[in-house]
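*Asks:* Take a look at this one; I'll ask things after.
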Amino acid sequence: MEKIEFQAPQDGESIEFYVMEQTKINGINYLLVTEEEDGDCDAYILKEISQGEEEDSTYEMVESEEELEYMSRIFGEILEDVDVTM
C-alpha cells in the first residue's frame, strides 16, 4: 500500500496516510486514505483541488455530506471486501 505525506495548510504539520484506493469521477481525482496500514481505523476521502499546472497535487477532505455519501458508495463498490461506513 502506498504511503503519502501531506502538509496541513494551517500550520505546515506533516501527516502521513496510506492510500487504500483512488478513482477519478467527472475529471476529479479522489483518494481513500487511512492512518493505519492494517486493521479497523478511520478512513478519509480526499478530493484533488490543484490546478493542472501545479507541480504538487493539492487535496482537501471531502466535507459535503452528499459528496461524502456518494464517494463512500463508489469506494465501497471498488473495494468489495472493505466496509466503508460514515
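Residues in the C-alpha cells are named by chain (A, B, ... in the order shown) and by number from 1 within that chain; ligands are numbered from 1 in the order shown.
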Hey, what does DSSP flag as strand (DSSP E) within chain A? Can you give it to me as a PyMOL selection string?
*Replies:* chain A and resi 2-7+14-25+28-34+43-48+59-61
*Asks:* Show me, as a list in words, the residues that have an atom within 7 Å of segment 4-8 of chain A when counting only C-alpha atoms, minus same-chain residues fewer than 5 positions from it.
*Replies:*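 Residues meeting the cut-off are Glu13, Ser14, Ile15, Glu16, Phe17 and Tyr18 of chain A.
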*Asks:* Residues near segment 23-35 of chain A, anyone? I mean within 6 Å using only C-alpha atoms, not counting same-chain ones fewer than 4 positions away, as a VMD selection string.
*Replies:* chain A and resid 17 to 19 43 to 48
*Asks:* Using backbone DSSP assignments, extract all helix (DSSP H, G or I) residues from chain A; output them as an NGL selection string.
*Replies:* :A and (65-78)
*Asks:* Any chance you could export the current selection's N, CA, C and O atoms as a short mmCIF file (atom, residue, chain, number, x, y, z; two decimals), in the first residue's frame?
*Replies:*
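Contents of again-v1.cif, freshly written:
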```cif
data_model
loop_
_atom_site.label_atom_id
_atom_site.label_comp_id
_atom_site.auth_asym_id
_atom_site.auth_seq_id
_atom_site.Cartn_x
_atom_site.Cartn_y
_atom_site.Cartn_z
N GLU A 65 -21.83 16.38 2.87
CA GLU A 65 -22.48 15.10 3.21
C GLU A 65 -22.89 14.34 1.95
O GLU A 65 -22.72 13.13 1.87
N GLU A 66 -23.44 15.05 0.98
CA GLU A 66 -23.90 14.42 -0.26
C GLU A 66 -22.72 13.81 -1.03
O GLU A 66 -22.79 12.66 -1.47
N GLU A 67 -21.66 14.57 -1.19
CA GLU A 67 -20.48 14.09 -1.91
C GLU A 67 -19.81 12.95 -1.15
O GLU A 67 -19.37 11.96 -1.74
N LEU A 68 -19.75 13.07 0.18
CA LEU A 68 -19.14 12.04 1.02
C LEU A 68 -19.91 10.72 0.92
O LEU A 68 -19.32 9.65 0.77
N GLU A 69 -21.22 10.79 0.95
CA GLU A 69 -22.06 9.60 0.84
C GLU A 69 -21.88 8.95 -0.53
O GLU A 69 -21.73 7.73 -0.65
N TYR A 70 -21.88 9.76 -1.57
CA TYR A 70 -21.72 9.25 -2.94
C TYR A 70 -20.36 8.57 -3.11
O TYR A 70 -20.27 7.45 -3.61
N MET A 71 -19.29 9.23 -2.66
CA MET A 71 -17.96 8.67 -2.82
C MET A 71 -17.76 7.44 -1.93
O MET A 71 -17.04 6.52 -2.30
N SER A 72 -18.40 7.39 -0.78
CA SER A 72 -18.34 6.20 0.08
C SER A 72 -18.92 5.00 -0.64
O SER A 72 -18.38 3.89 -0.57
N ARG A 73 -20.04 5.21 -1.34
CA ARG A 73 -20.65 4.11 -2.11
C ARG A 73 -19.73 3.67 -3.24
O ARG A 73 -19.56 2.48 -3.50
N ILE A 74 -19.11 4.64 -3.94
CA ILE A 74 -18.20 4.31 -5.04
C ILE A 74 -17.02 3.49 -4.52
O ILE A 74 -16.70 2.43 -5.07
N PHE A 75 -16.37 3.95 -3.45
CA PHE A 75 -15.23 3.22 -2.91
C PHE A 75 -15.67 1.87 -2.34
O PHE A 75 -14.93 0.90 -2.41
N GLY A 76 -16.88 1.80 -1.79
CA GLY A 76 -17.41 0.53 -1.30
C GLY A 76 -17.56 -0.49 -2.42
O GLY A 76 -17.32 -1.68 -2.22
N GLU A 77 -17.97 -0.04 -3.59
CA GLU A 77 -18.09 -0.92 -4.75
C GLU A 77 -16.73 -1.36 -5.27
O GLU A 77 -16.54 -2.49 -5.67
N ILE A 78 -15.78 -0.43 -5.29
CA ILE A 78 -14.44 -0.75 -5.78
C ILE A 78 -13.76 -1.75 -4.85
O ILE A 78 -13.13 -2.71 -5.29
#
```
*Asks:* Between atom CA of Met1 of chain A and atom CA of Ser64 of chain A, what distance in Å does the model show, to one decimal?
*Replies:*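 Distance between the two atoms: 26.9 Å.
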*Asks:* Hey, which of A:Glu60, A:Leu79, A:Met20, A:Gln51 ends up closest to Glu37 of chain A? Count only C-alpha atoms.
*Replies:*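 Closest to Glu37 of chain A, using only C-alpha atoms: A:Met20.
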*Asks:* Tell me, in Å to one decimal, how far atom CA of Pro9 of chain A is from atom CA of Asp38 of chain A.
*Replies:*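 One can read the atom CA of Pro9 of chain A to atom CA of Asp38 of chain A distance as 27.3 Å.
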